[in-house]
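*Asks:* So here's run-v5.cif (mmCIF, C-alpha atoms).
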data_structure
#
loop_
_atom_site.label_atom_id
_atom_site.label_comp_id
_atom_site.auth_asym_id
_atom_site.auth_seq_id
_atom_site.Cartn_x
_atom_site.Cartn_y
_atom_site.Cartn_z
CA MET A 45 92.01 -27.08 171.59
CA ALA A 46 90.13 -27.70 168.34
CA ALA A 47 91.35 -30.33 165.93
CA CYS A 48 93.76 -29.19 163.24
CA ILE A 49 91.69 -27.05 160.88
CA ARG A 50 93.13 -25.91 157.57
CA GLU A 51 90.22 -23.67 156.59
CA ALA A 52 87.15 -22.37 158.37
CA TYR A 53 85.01 -20.45 155.89
CA PHE A 54 82.54 -18.17 157.65
CA ASP A 55 81.82 -15.71 154.82
CA ASN A 56 78.85 -17.48 153.29
CA ALA A 57 76.73 -14.32 153.21
CA ALA A 58 79.24 -13.03 150.65
CA THR A 59 79.23 -16.21 148.57
CA THR A 60 79.09 -19.97 148.99
CA ARG A 61 80.97 -22.94 147.62
CA VAL A 62 79.15 -24.40 144.61
CA LEU A 63 77.83 -27.91 145.19
CA PRO A 64 79.38 -30.70 143.06
CA GLU A 65 75.92 -31.75 141.89
CA VAL A 66 75.30 -28.22 140.65
CA VAL A 67 78.63 -28.14 138.83
CA GLU A 68 77.82 -31.42 137.08
CA ALA A 69 74.38 -30.23 136.00
CA MET A 70 75.87 -27.01 134.61
CA LYS A 71 78.66 -28.91 132.87
CA GLU A 72 76.10 -31.12 131.14
CA ALA A 73 74.16 -28.05 130.00
CA MET A 74 77.29 -26.31 128.70
CA LEU A 75 78.67 -29.31 126.82
CA ASN A 76 75.55 -30.97 125.48
CA VAL A 77 72.58 -28.58 125.67
CA TYR A 78 74.23 -25.56 124.12
CA GLY A 79 71.44 -24.32 121.86
CA ASN A 80 69.80 -20.92 122.14
CA PRO A 81 66.44 -21.35 123.92
CA SER A 82 64.86 -18.99 121.37
CA SER A 83 65.94 -21.10 118.38
CA LEU A 84 63.22 -23.09 116.65
CA HIS A 85 65.26 -26.23 116.02
CA GLY A 86 65.81 -29.20 118.32
CA LYS A 87 68.91 -27.84 120.04
CA GLY A 88 66.97 -24.73 120.97
CA ALA A 89 64.06 -26.81 122.21
CA GLU A 90 66.40 -28.79 124.48
CA ALA A 91 67.77 -25.61 126.01
CA GLU A 92 64.28 -24.15 126.39
CA LYS A 93 63.18 -27.33 128.18
CA LEU A 94 65.99 -27.05 130.74
CA THR A 95 65.13 -23.39 131.33
CA ARG A 96 61.45 -24.26 131.75
CA GLN A 97 62.24 -27.05 134.20
CA ALA A 98 64.44 -24.76 136.30
CA ARG A 99 61.68 -22.13 136.32
CA GLU A 100 59.20 -24.74 137.50
CA THR A 101 61.60 -25.82 140.24
CA VAL A 102 62.10 -22.28 141.55
CA ALA A 103 58.35 -21.68 141.38
CA ARG A 104 57.78 -24.81 143.45
CA VAL A 105 60.27 -23.59 146.06
CA LEU A 106 58.50 -20.21 146.22
CA GLY A 107 54.99 -21.63 146.02
CA CYS A 108 54.13 -19.54 142.97
CA ARG A 109 53.34 -19.96 139.26
CA PRO A 110 56.26 -20.54 136.84
CA PRO A 111 55.50 -17.42 134.74
CA GLU A 112 55.99 -15.36 137.92
CA VAL A 113 59.69 -16.33 138.00
CA ILE A 114 61.99 -14.05 135.96
CA PHE A 115 65.64 -15.07 135.67
CA THR A 116 68.26 -12.33 136.01
CA SER A 117 72.03 -12.02 136.31
CA GLY A 118 71.79 -11.95 140.10
CA GLY A 119 70.29 -10.22 143.11
CA THR A 120 71.57 -6.78 142.14
CA GLU A 121 69.82 -6.85 138.77
CA ALA A 122 66.69 -8.31 140.35
CA ASN A 123 66.63 -5.43 142.85
CA ALA A 124 67.14 -2.85 140.10
CA LEU A 125 64.47 -4.38 137.87
CA ALA A 126 61.98 -4.56 140.72
CA ILE A 127 62.57 -1.04 142.03
CA ARG A 128 63.18 0.92 138.85
CA GLY A 129 60.76 -1.21 136.86
CA ALA A 130 57.97 -0.69 139.38
CA ALA A 131 58.71 3.01 139.92
CA TRP A 132 58.61 3.91 136.24
CA ALA A 133 55.65 1.64 135.56
CA ARG A 134 53.62 3.58 138.15
CA HIS A 135 55.16 7.04 137.86
CA ALA A 136 51.85 8.56 136.74
CA GLU A 137 50.30 7.51 140.09
CA GLY A 138 52.98 9.03 142.29
CA ARG A 139 56.69 9.50 142.77
CA HIS A 140 57.29 8.41 146.35
CA LEU A 141 59.06 5.24 147.51
CA ILE A 142 59.80 3.86 150.97
CA THR A 143 62.82 1.77 151.92
CA THR A 144 65.09 1.39 154.96
CA GLN A 145 68.48 2.71 156.00
CA VAL A 146 69.89 -0.82 156.29
CA GLU A 147 69.26 -2.19 152.81
CA HIS A 148 71.90 -3.79 150.61
CA PRO A 149 73.87 -1.21 148.56
CA SER A 150 72.16 -2.38 145.36
CA VAL A 151 68.84 -1.17 146.77
CA LEU A 152 70.15 2.03 148.35
CA GLN A 153 72.07 3.10 145.27
CA THR A 154 69.13 2.37 142.99
CA CYS A 155 66.96 4.55 145.22
CA ARG A 156 69.55 7.35 145.14
CA MET A 157 69.57 7.21 141.35
CA LEU A 158 65.79 7.59 141.38
CA GLU A 159 66.14 10.60 143.70
CA GLN A 160 68.35 12.22 141.08
CA GLU A 161 65.57 11.59 138.57
CA GLY A 162 62.97 13.40 140.66
CA TRP A 163 61.66 10.72 143.00
CA GLU A 164 61.15 11.20 146.73
CA ILE A 165 62.49 8.40 148.93
CA THR A 166 61.78 7.85 152.63
CA TYR A 167 64.51 5.88 154.42
CA LEU A 168 63.11 4.22 157.53
CA GLY A 169 65.26 3.90 160.63
CA VAL A 170 65.73 0.73 162.67
CA ASP A 171 66.13 -0.19 166.34
CA ARG A 172 69.17 -1.71 168.05
CA GLN A 173 68.25 -5.11 166.64
CA GLY A 174 68.09 -3.79 163.09
CA CYS A 175 64.30 -3.98 162.81
CA ILE A 176 61.88 -1.37 161.51
CA ASP A 177 58.96 0.06 163.48
CA LEU A 178 55.62 -0.62 161.80
CA ARG A 179 54.30 2.70 163.09
CA GLU A 180 57.01 4.48 161.11
CA VAL A 181 55.97 2.60 157.99
CA GLU A 182 52.38 3.73 158.48
CA LEU A 183 53.44 7.34 159.07
CA ALA A 184 55.66 7.33 155.98
CA LEU A 185 52.91 6.21 153.61
CA ARG A 186 51.48 8.89 151.31
CA PRO A 187 48.85 8.90 148.57
CA SER A 188 51.81 9.20 146.15
CA THR A 189 53.63 6.11 147.51
CA VAL A 190 53.84 3.49 144.75
CA LEU A 191 56.47 1.08 146.11
CA VAL A 192 57.80 -0.08 149.47
CA SER A 193 61.12 -1.99 149.37
CA ILE A 194 62.16 -3.72 152.61
CA GLN A 195 64.66 -6.57 152.79
CA LEU A 196 63.56 -9.82 154.39
CA VAL A 197 66.88 -10.73 156.05
CA ASN A 198 69.60 -8.17 156.69
CA ASN A 199 72.88 -9.22 155.13
CA GLU A 200 75.08 -7.85 157.95
CA VAL A 201 73.29 -8.64 161.22
CA GLY A 202 70.62 -11.19 160.24
CA SER A 203 67.56 -9.30 161.46
CA VAL A 204 64.27 -10.48 159.90
CA GLN A 205 61.81 -7.76 158.97
CA PRO A 206 58.03 -8.14 159.60
CA LEU A 207 57.03 -8.31 155.93
CA PRO A 208 53.52 -9.83 156.44
CA GLN A 209 52.61 -6.98 158.81
CA VAL A 210 53.94 -4.40 156.34
CA ALA A 211 51.88 -6.04 153.60
CA ALA A 212 48.79 -5.81 155.80
CA LEU A 213 49.35 -2.05 156.22
CA LEU A 214 49.65 -1.61 152.47
CA ARG A 215 46.43 -3.51 151.80
CA GLU A 216 44.57 -0.90 153.84
CA ARG A 217 45.51 1.86 151.38
CA LYS A 218 43.01 2.91 148.75
CA ARG A 219 45.75 2.86 146.12
CA ARG A 220 47.94 0.03 147.34
CA PRO A 221 51.71 0.44 146.96
CA TRP A 222 53.53 -2.64 145.73
CA LEU A 223 55.79 -4.43 148.19
CA HIS A 224 59.27 -5.52 147.12
CA THR A 225 61.66 -7.51 149.27
CA ASP A 226 65.31 -8.36 148.78
CA ALA A 227 65.28 -12.00 149.90
CA VAL A 228 68.80 -12.84 148.73
CA GLN A 229 69.92 -13.76 152.28
CA ALA A 230 66.66 -15.51 153.11
CA LEU A 231 66.20 -18.27 150.54
CA GLY A 232 67.32 -21.61 151.97
CA LYS A 233 67.47 -20.18 155.51
CA ILE A 234 63.88 -19.18 156.26
CA PRO A 235 60.67 -19.82 154.30
CA VAL A 236 60.36 -17.52 151.28
CA ARG A 237 56.77 -17.73 150.08
CA PRO A 238 55.61 -14.51 148.41
CA SER A 239 51.96 -15.30 149.08
CA GLU A 240 52.65 -15.67 152.82
CA LEU A 241 54.88 -12.60 152.93
CA GLY A 242 52.39 -10.52 150.98
CA ALA A 243 55.17 -9.52 148.58
CA ASP A 244 54.56 -8.46 144.99
CA LEU A 245 58.23 -8.55 143.99
CA VAL A 246 61.03 -10.71 145.45
CA SER A 247 64.74 -10.70 144.58
CA LEU A 248 66.90 -13.84 144.77
CA SER A 249 70.48 -14.88 143.99
CA GLY A 250 72.10 -18.20 143.12
CA HIS A 251 75.53 -17.90 144.70
CA LYS A 252 74.23 -17.39 148.24
CA LEU A 253 72.84 -20.95 148.37
CA HIS A 254 75.65 -23.04 146.83
CA GLY A 255 74.71 -22.20 143.26
CA PRO A 256 76.68 -20.32 140.58
CA LYS A 257 77.51 -16.65 140.49
CA GLY A 258 76.01 -14.48 137.76
CA VAL A 259 72.45 -15.78 137.99
CA GLY A 260 69.45 -14.89 140.09
CA ALA A 261 65.71 -14.47 139.83
CA MET A 262 62.88 -12.11 140.56
CA PHE A 263 59.38 -13.11 141.54
CA ALA A 264 56.80 -10.77 140.03
CA ARG A 265 53.23 -11.41 141.10
CA GLN A 266 50.79 -12.11 138.31
CA GLY A 267 49.32 -8.83 137.09
CA ILE A 268 52.39 -6.75 137.97
CA ARG A 269 53.59 -4.70 135.00
CA LEU A 270 57.18 -3.48 135.11
CA ARG A 271 59.19 -1.28 132.80
CA PRO A 272 62.14 -3.43 131.58
CA LEU A 273 65.71 -2.30 132.14
CA LEU A 274 66.97 -3.91 128.92
CA ALA A 275 65.62 -3.76 125.38
CA GLY A 276 66.30 -6.01 122.43
CA GLY A 277 64.29 -9.20 122.84
CA GLU A 278 61.23 -10.84 124.33
CA GLN A 279 63.04 -13.23 126.67
CA GLU A 280 61.75 -13.69 130.21
CA PHE A 281 58.21 -12.68 129.29
CA GLY A 282 59.45 -9.42 127.81
CA LEU A 283 61.04 -8.26 131.07
CA ARG A 284 64.70 -9.10 130.40
CA ALA A 285 66.09 -9.03 126.89
CA GLY A 286 69.12 -11.16 126.10
CA THR A 287 69.92 -14.80 125.55
CA GLU A 288 69.26 -16.78 128.70
CA ASN A 289 72.18 -18.08 130.75
CA VAL A 290 71.00 -21.68 130.49
CA PRO A 291 73.83 -23.35 132.50
CA GLY A 292 73.49 -20.73 135.23
CA ILE A 293 69.72 -21.09 135.32
CA VAL A 294 70.04 -24.87 135.54
CA GLY A 295 72.51 -24.52 138.41
CA PHE A 296 70.35 -21.99 140.23
CA GLY A 297 67.26 -24.17 139.93
CA LEU A 298 69.04 -27.23 141.31
CA ALA A 299 70.74 -25.28 144.10
CA ALA A 300 67.45 -23.68 145.18
CA ASP A 301 65.74 -27.07 145.24
CA MET A 302 68.54 -28.68 147.26
CA ALA A 303 68.67 -25.74 149.69
CA GLU A 304 64.94 -25.89 150.32
CA ARG A 305 64.98 -29.65 150.86
CA ALA A 306 67.86 -29.34 153.32
CA ARG A 307 66.51 -26.22 155.04
CA PRO A 308 64.89 -27.63 158.22
CA GLU A 309 67.91 -29.67 159.29
CA ALA A 310 70.40 -27.12 157.94
CA CYS A 311 68.82 -24.24 159.84
CA GLU A 312 68.87 -26.14 163.11
CA ARG A 313 72.55 -26.92 162.56
CA MET A 314 73.46 -23.33 161.65
CA ARG A 315 71.46 -21.92 164.56
CA THR A 316 73.22 -24.21 167.02
CA ILE A 317 76.66 -23.15 165.79
CA LYS A 318 75.67 -19.47 165.64
CA VAL A 319 74.48 -19.53 169.27
CA TYR A 320 77.66 -21.34 170.29
CA LEU A 321 79.83 -18.76 168.52
CA ALA A 322 77.96 -15.83 170.03
CA ARG A 323 77.81 -17.11 173.60
CA GLN A 324 81.41 -18.33 173.71
CA ALA A 325 82.75 -15.14 172.16
CA ALA A 326 80.84 -12.98 174.65
CA THR A 327 82.04 -15.14 177.55
CA GLU A 328 85.65 -15.75 176.59
CA ILE A 329 86.76 -12.60 174.75
CA PRO A 330 86.88 -9.41 176.84
CA GLY A 331 84.36 -6.82 175.70
CA CYS A 332 83.11 -8.86 172.74
CA HIS A 333 79.38 -8.60 172.05
CA TRP A 334 76.98 -9.33 169.22
CA ASN A 335 75.03 -6.79 167.20
CA GLY A 336 71.46 -7.28 166.04
CA PRO A 337 68.91 -9.74 167.36
CA PRO A 338 69.86 -12.30 170.03
CA PRO A 339 71.57 -15.31 168.39
CA GLU A 340 68.52 -17.47 169.12
CA GLN A 341 66.47 -15.09 166.97
CA GLY A 342 66.82 -13.61 163.49
CA ALA A 343 68.25 -15.53 160.55
CA PRO A 344 70.13 -18.69 161.56
CA HIS A 345 73.30 -18.00 159.58
CA ILE A 346 74.47 -14.43 160.25
CA LEU A 347 76.28 -13.26 163.39
CA ASN A 348 77.85 -9.82 163.79
CA LEU A 349 80.43 -9.42 166.56
CA THR A 350 82.20 -6.33 167.90
CA PHE A 351 85.75 -6.68 169.25
CA PRO A 352 86.25 -3.32 171.03
CA GLY A 353 89.53 -1.64 170.21
CA PHE A 354 90.38 -3.93 167.30
CA PRO A 355 89.59 -2.66 163.78
CA GLY A 356 87.46 -5.13 161.86
CA GLU A 357 89.77 -5.01 158.87
CA THR A 358 92.74 -5.95 161.06
CA MET A 359 90.80 -8.84 162.57
CA VAL A 360 89.75 -10.07 159.10
CA HIS A 361 93.35 -10.20 157.87
CA TYR A 362 94.66 -11.74 161.10
CA LEU A 363 92.10 -14.53 160.90
CA GLU A 364 92.69 -15.05 157.18
CA GLU A 365 96.36 -15.77 157.85
CA ARG A 366 95.18 -18.60 160.09
CA GLY A 367 92.64 -20.02 157.64
CA VAL A 368 89.52 -18.35 159.06
CA TYR A 369 87.49 -16.34 156.56
CA VAL A 370 85.07 -13.65 157.78
CA SER A 371 84.18 -10.14 156.60
CA THR A 372 83.45 -6.68 157.91
CA THR A 373 80.44 -5.55 155.85
CA SER A 374 78.55 -6.48 152.71
CA ALA A 375 80.93 -7.88 150.07
CA CYS A 376 79.64 -5.21 147.69
CA SER A 377 80.96 -2.41 149.92
CA SER A 378 83.81 -4.04 151.86
CA ARG A 379 86.56 -2.39 149.80
CA HIS A 380 85.40 1.04 150.92
CA ARG A 381 87.00 1.72 154.30
CA GLN A 382 83.94 3.13 155.97
CA ALA A 383 82.00 1.99 159.00
CA SER A 384 78.99 -0.18 158.20
CA HIS A 385 75.93 1.89 157.34
CA VAL A 386 73.82 -0.88 158.88
CA LEU A 387 75.53 -0.72 162.27
CA LEU A 388 75.49 3.08 162.28
CA ALA A 389 71.76 3.06 161.55
CA MET A 390 71.32 0.68 164.50
CA GLY A 391 72.89 3.26 166.81
CA LEU A 392 76.45 2.00 167.12
CA SER A 393 79.20 4.59 167.22
CA GLU A 394 81.69 4.79 164.37
CA GLY A 395 84.29 3.27 166.66
CA GLU A 396 82.09 0.30 167.54
CA ALA A 397 81.01 -0.21 163.94
CA SER A 398 84.58 -0.15 162.66
CA CYS A 399 85.53 -2.89 165.16
CA SER A 400 82.81 -5.30 164.01
CA VAL A 401 83.11 -8.52 162.04
CA ARG A 402 80.47 -10.69 160.35
CA PHE A 403 80.51 -14.47 160.70
CA SER A 404 78.10 -16.10 158.22
CA LEU A 405 77.46 -19.82 158.13
CA SER A 406 76.42 -22.46 155.64
CA ARG A 407 74.93 -25.86 156.31
CA PHE A 408 78.40 -27.36 155.90
CA ASN A 409 80.10 -25.52 158.76
CA THR A 410 80.97 -27.54 161.87
CA LYS A 411 81.26 -26.84 165.58
CA GLU A 412 84.96 -27.74 165.32
CA GLU A 413 85.43 -24.95 162.78
CA ALA A 414 83.60 -22.56 165.08
CA THR A 415 85.81 -23.55 168.02
CA TYR A 416 88.93 -22.99 165.92
CA ALA A 417 87.65 -19.61 164.75
CA LEU A 418 86.97 -18.57 168.35
CA GLU A 419 90.43 -19.64 169.44
CA GLN A 420 92.01 -17.57 166.68
CA ALA A 421 89.83 -14.53 167.41
CA HIS A 422 90.74 -14.73 171.11
CA ARG A 423 94.41 -15.07 170.15
CA ALA A 424 94.08 -12.02 167.91
CA VAL A 425 92.67 -9.94 170.76
CA ARG A 426 95.50 -11.00 173.08
CA GLU A 427 98.29 -10.42 170.54
CA LEU A 428 96.92 -7.27 168.98
CA GLY A 429 96.09 -5.96 172.44
CA ARG A 430 99.72 -6.26 173.47
CA VAL A 431 100.74 -4.36 170.34
CA VAL A 432 98.29 -1.57 171.12
CA SER A 433 99.36 -1.37 174.78
CA ARG A 434 103.03 -0.99 173.85
CA ARG A 435 102.16 2.03 171.75
#
Represent the supplied structure as structure tokens.

*Replies:*
Amino acid sequence: MAACIREAYFDNAATTRVLPEVVEAMKEAMLNVYGNPSSLHGKGAEAEKLTRQARETVARVLGCRPPEVIFTSGGTEANALAIRGAAWARHAEGRHLITTQVEHPSVLQTCRMLEQEGWEITYLGVDRQGCIDLREVELALRPSTVLVSIQLVNNEVGSVQPLPQVAALLRERKRRPWLHTDAVQALGKIPVRPSELGADLVSLSGHKLHGPKGVGAMFARQGIRLRPLLAGGEQEFGLRAGTENVPGIVGFGLAADMAERARPEACERMRTIKVYLARQAATEIPGCHWNGPPPEQGAPHILNLTFPGFPGETMVHYLEERGVYVSTTSACSSRHRQASHVLLAMGLSEGEASCSVRFSLSRFNTKEEATYALEQAHRAVRELGRVVSRR
């Protein structure tokens, strides 16, 4: 029996607890460095300095130049700016984009909006581990393809896509499509270096790595020209009008730096707990199995489990009553009672997909919390199973 656990939070792919150091840095910015970074006076200069320092920090984490870092309101805006901005910047060259069936809703819905505006989109399938086939990428490419958008880490099953190999395919084209990747679930868990990935555009978010909500960033390789989504100012090198969220940017910069410094040890810790969760669940709970890559592979922090015969939503609420927090799908689509589009694309039946739950870890989770969560999940299967059998 695990020690008495009041709360076991395993929904870190949805959001993370903000670090105290980040809160303090943001508090200082809000109370004392409250000028507008565009103002010419000293208060503005102080705010501009903090923004510049955060940009330099994020650039150092990514291994890129500071002007290649564009701050946004989060990963969703970064995805929209990258995809729509690139599409409309290159619309004279072609109107074809490639993405995958397992992207985050912010990517899929942006692509569907473009379809309504006359663009053609190819949605690549995936295998049982949630990974694309490079041959399908090559077959999907056309002379009119201007952008390929493929996530780095899947937010529901943790599969890692072969971005460097995709980039190599694109470099072979006479008119090279740009490569965008949604790396929101990757930063702080696996290396995110645009130059090594071969990515032209990269989307990031603060609240997935113990930073604040409402702030993110987009890497745009030097020489990339995007059409802005917002008009009204020259902030962020003319790509995002509006007064900068200085406290949020400060918090994001610090959180990204701390996550990258902690990454090697943190990833080993998360991987160990993920493997433990997966193996114990498959051994102890009848019929339970994981979806996606083997727990020793893929991202170290995301584990998707199917509990046959037990609706994921029921399991989520049962565990919540006992202090264990998990989810069924992406937080952006969890309120819609539909089977996960990711699991369906991987070949699971609607029944299997609807009985699946995501456990997502942070570097602060413990094996004791994992043991407690397993105990409660096993208890749920026993108790809910009795209810079902009586019916």

*Asks:* Hey, can you check how far atom CA of A:Gln160 sits from atom CA of A:Arg139?

*Replies:* 12.1 Å

*Asks:* Evaluate the PyMOL selection byres ((chain A and resi 330-337) around 8) and record the selected residues as a PyMOL selection string, following the chain and residue labels used in the document.

*Replies:* chain A and resi 172-174+201-203+322+325-329+338-342+347-352+387

*Asks:* Put those residues in a file: C-alpha atoms, as a PDB file, in the frame of the given file.

*Replies:*
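The new file again.pdb reads:
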ATOM      1  CA  ARG A 172      69.170  -1.710 168.050  1.00  0.00           C
ATOM      2  CA  GLN A 173      68.250  -5.110 166.640  1.00  0.00           C
ATOM      3  CA  GLY A 174      68.090  -3.790 163.090  1.00  0.00           C
ATOM      4  CA  VAL A 201      73.290  -8.640 161.220  1.00  0.00           C
ATOM      5  CA  GLY A 202      70.620 -11.190 160.240  1.00  0.00           C
ATOM      6  CA  SER A 203      67.560  -9.300 161.460  1.00  0.00           C
ATOM      7  CA  ALA A 322      77.960 -15.830 170.030  1.00  0.00           C
ATOM      8  CA  ALA A 325      82.750 -15.140 172.160  1.00  0.00           C
ATOM      9  CA  ALA A 326      80.840 -12.980 174.650  1.00  0.00           C
ATOM     10  CA  THR A 327      82.040 -15.140 177.550  1.00  0.00           C
ATOM     11  CA  GLU A 328      85.650 -15.750 176.590  1.00  0.00           C
ATOM     12  CA  ILE A 329      86.760 -12.600 174.750  1.00  0.00           C
ATOM     13  CA  PRO A 338      69.860 -12.300 170.030  1.00  0.00           C
ATOM     14  CA  PRO A 339      71.570 -15.310 168.390  1.00  0.00           C
ATOM     15  CA  GLU A 340      68.520 -17.470 169.120  1.00  0.00           C
ATOM     16  CA  GLN A 341      66.470 -15.090 166.970  1.00  0.00           C
ATOM     17  CA  GLY A 342      66.820 -13.610 163.490  1.00  0.00           C
ATOM     18  CA  LEU A 347      76.280 -13.260 163.390  1.00  0.00           C
ATOM     19  CA  ASN A 348      77.850  -9.820 163.790  1.00  0.00           C
ATOM     20  CA  LEU A 349      80.430  -9.420 166.560  1.00  0.00           C
ATOM     21  CA  THR A 350      82.200  -6.330 167.900  1.00  0.00           C
ATOM     22  CA  PHE A 351      85.750  -6.680 169.250  1.00  0.00           C
ATOM     23  CA  PRO A 352      86.250  -3.320 171.030  1.00  0.00           C
ATOM     24  CA  LEU A 387      75.530  -0.720 162.270  1.00  0.00           C
TER      25      LEU A 387
END

*Asks:* Tell me which protein, DNA and RNA residues are within 8 Å of stretch 274-289 of chain A, counting all atoms listed in the file, leaving out same-chain ones fewer than 4 positions away, and put them as a PDB file with C-alpha atoms, keeping the file's coordinate frame.

*Replies:*
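Saved to result.pdb:
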ATOM      1  CA  ASN A  80      69.800 -20.920 122.140  1.00  0.00           C
ATOM      2  CA  PRO A  81      66.440 -21.350 123.920  1.00  0.00           C
ATOM      3  CA  SER A  82      64.860 -18.990 121.370  1.00  0.00           C
ATOM      4  CA  PRO A 111      55.500 -17.420 134.740  1.00  0.00           C
ATOM      5  CA  ILE A 114      61.990 -14.050 135.960  1.00  0.00           C
ATOM      6  CA  PHE A 115      65.640 -15.070 135.670  1.00  0.00           C
ATOM      7  CA  THR A 116      68.260 -12.330 136.010  1.00  0.00           C
ATOM      8  CA  VAL A 259      72.450 -15.780 137.990  1.00  0.00           C
ATOM      9  CA  LEU A 270      57.180  -3.480 135.110  1.00  0.00           C
ATOM     10  CA  ILE A 293      69.720 -21.090 135.320  1.00  0.00           C
TER      11      ILE A 293
END

*Asks:* With all atoms listed in the file as the basis for distance, which of A:His140, A:Arg215, A:Arg128, A:Arg366 is at the shortest distance from A:Leu273?

*Replies:*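 Among the listed residues, A:Arg128 lies closest to A:Leu273.
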
*Asks:* Apply the PyMOL selection byres ((chain A and resi 364) around 12) to the displayed file and report the matching residues as a list of chain:residue names.

*Replies:* A:Arg50, A:Glu51, A:Ala52, A:Tyr53, A:Phe54, A:Asp55, A:Glu357, A:Thr358, A:Met359, A:Val360, A:His361, A:Tyr362, A:Leu363, A:Glu365, A:Arg366, A:Gly367, A:Val368, A:Tyr369, A:Val370, A:Ser371, A:Ala417, A:Gln420, A:Ala421, A:Ala424

*Asks:* Residues near A:Ala58, anyone? I mean within 12 Å using all atoms listed in the file, not counting same-chain ones fewer than 5 positions away, as JSON, numbers by chain.

*Replies:* {"A": [53, 148, 199, 200, 228, 229, 249, 250, 251, 252, 253, 254, 257, 345, 346, 369, 370, 371, 372, 373, 374, 375, 376, 377, 378, 402, 403, 404, 405, 406]}

*Asks:* Just C-alpha atoms for this one: save the residues we selected as an mmCIF file, keeping the file's coordinate frame.

*Replies:*
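Final output, saved to selection.cif:
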data_model
loop_
_atom_site.group_PDB
_atom_site.id
_atom_site.type_symbol
_atom_site.label_atom_id
_atom_site.label_comp_id
_atom_site.auth_asym_id
_atom_site.auth_seq_id
_atom_site.Cartn_x
_atom_site.Cartn_y
_atom_site.Cartn_z
ATOM 1 C CA TYR A 53 85.010 -20.450 155.890
ATOM 2 C CA HIS A 148 71.900 -3.790 150.610
ATOM 3 C CA ASN A 199 72.880 -9.220 155.130
ATOM 4 C CA GLU A 200 75.080 -7.850 157.950
ATOM 5 C CA VAL A 228 68.800 -12.840 148.730
ATOM 6 C CA GLN A 229 69.920 -13.760 152.280
ATOM 7 C CA SER A 249 70.480 -14.880 143.990
ATOM 8 C CA GLY A 250 72.100 -18.200 143.120
ATOM 9 C CA HIS A 251 75.530 -17.900 144.700
ATOM 10 C CA LYS A 252 74.230 -17.390 148.240
ATOM 11 C CA LEU A 253 72.840 -20.950 148.370
ATOM 12 C CA HIS A 254 75.650 -23.040 146.830
ATOM 13 C CA LYS A 257 77.510 -16.650 140.490
ATOM 14 C CA HIS A 345 73.300 -18.000 159.580
ATOM 15 C CA ILE A 346 74.470 -14.430 160.250
ATOM 16 C CA TYR A 369 87.490 -16.340 156.560
ATOM 17 C CA VAL A 370 85.070 -13.650 157.780
ATOM 18 C CA SER A 371 84.180 -10.140 156.600
ATOM 19 C CA THR A 372 83.450 -6.680 157.910
ATOM 20 C CA THR A 373 80.440 -5.550 155.850
ATOM 21 C CA SER A 374 78.550 -6.480 152.710
ATOM 22 C CA ALA A 375 80.930 -7.880 150.070
ATOM 23 C CA CYS A 376 79.640 -5.210 147.690
ATOM 24 C CA SER A 377 80.960 -2.410 149.920
ATOM 25 C CA SER A 378 83.810 -4.040 151.860
ATOM 26 C CA ARG A 402 80.470 -10.690 160.350
ATOM 27 C CA PHE A 403 80.510 -14.470 160.700
ATOM 28 C CA SER A 404 78.100 -16.100 158.220
ATOM 29 C CA LEU A 405 77.460 -19.820 158.130
ATOM 30 C CA SER A 406 76.420 -22.460 155.640
#

*Asks:* Calculate how many Å separate atom CA of A:Arg237 from atom CA of A:Thr166, rounding to one decimal.

*Replies:*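 Computed distance, atom CA of A:Arg237 to atom CA of A:Thr166, equals 26.2 Å.
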
*Asks:* Work out how far apart atom CA of A:Cys399 and atom CA of A:Leu321 are and give it in Å to one decimal.

*Replies:* 17.2 Å

*Asks:* Which residues are near A:Leu185? Cut-off 12 Å, all atoms listed in the file, ignore same chain within fewer than 4 positions. Put them as a PyMOL selection string.

*Replies:* chain A and resi 138-143+164-168+178-181+189-192+210+213-222

*Asks:* Which is closer to A:Gly258 than all the others in A:Pro272, A:Leu152, A:Ala131, A:Thr120, using only C-alpha atoms?

*Replies:*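 Of the candidates, the smallest distance to A:Gly258 is held by A:Thr120.
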
*Asks:* Go through A:Ala227, A:Ala243, A:Ala343, A:Val425 one by one, measure the shortest atom-to-atom distance of each to A:Arg315 using all atoms listed in the file, and give the residue with the smallest value.

*Replies:*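 That would be A:Ala343, the residue with the smallest distance to A:Arg315.
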
*Asks:* Quick one: everything within 7 Å of A:Met74, counting all atoms listed in the file, minus sequence neighbours fewer than 4 positions away in the same chain. Send it as a list in words.

*Replies:*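 The contact residues come out as Met70, Tyr78 and Pro291 of chain A.
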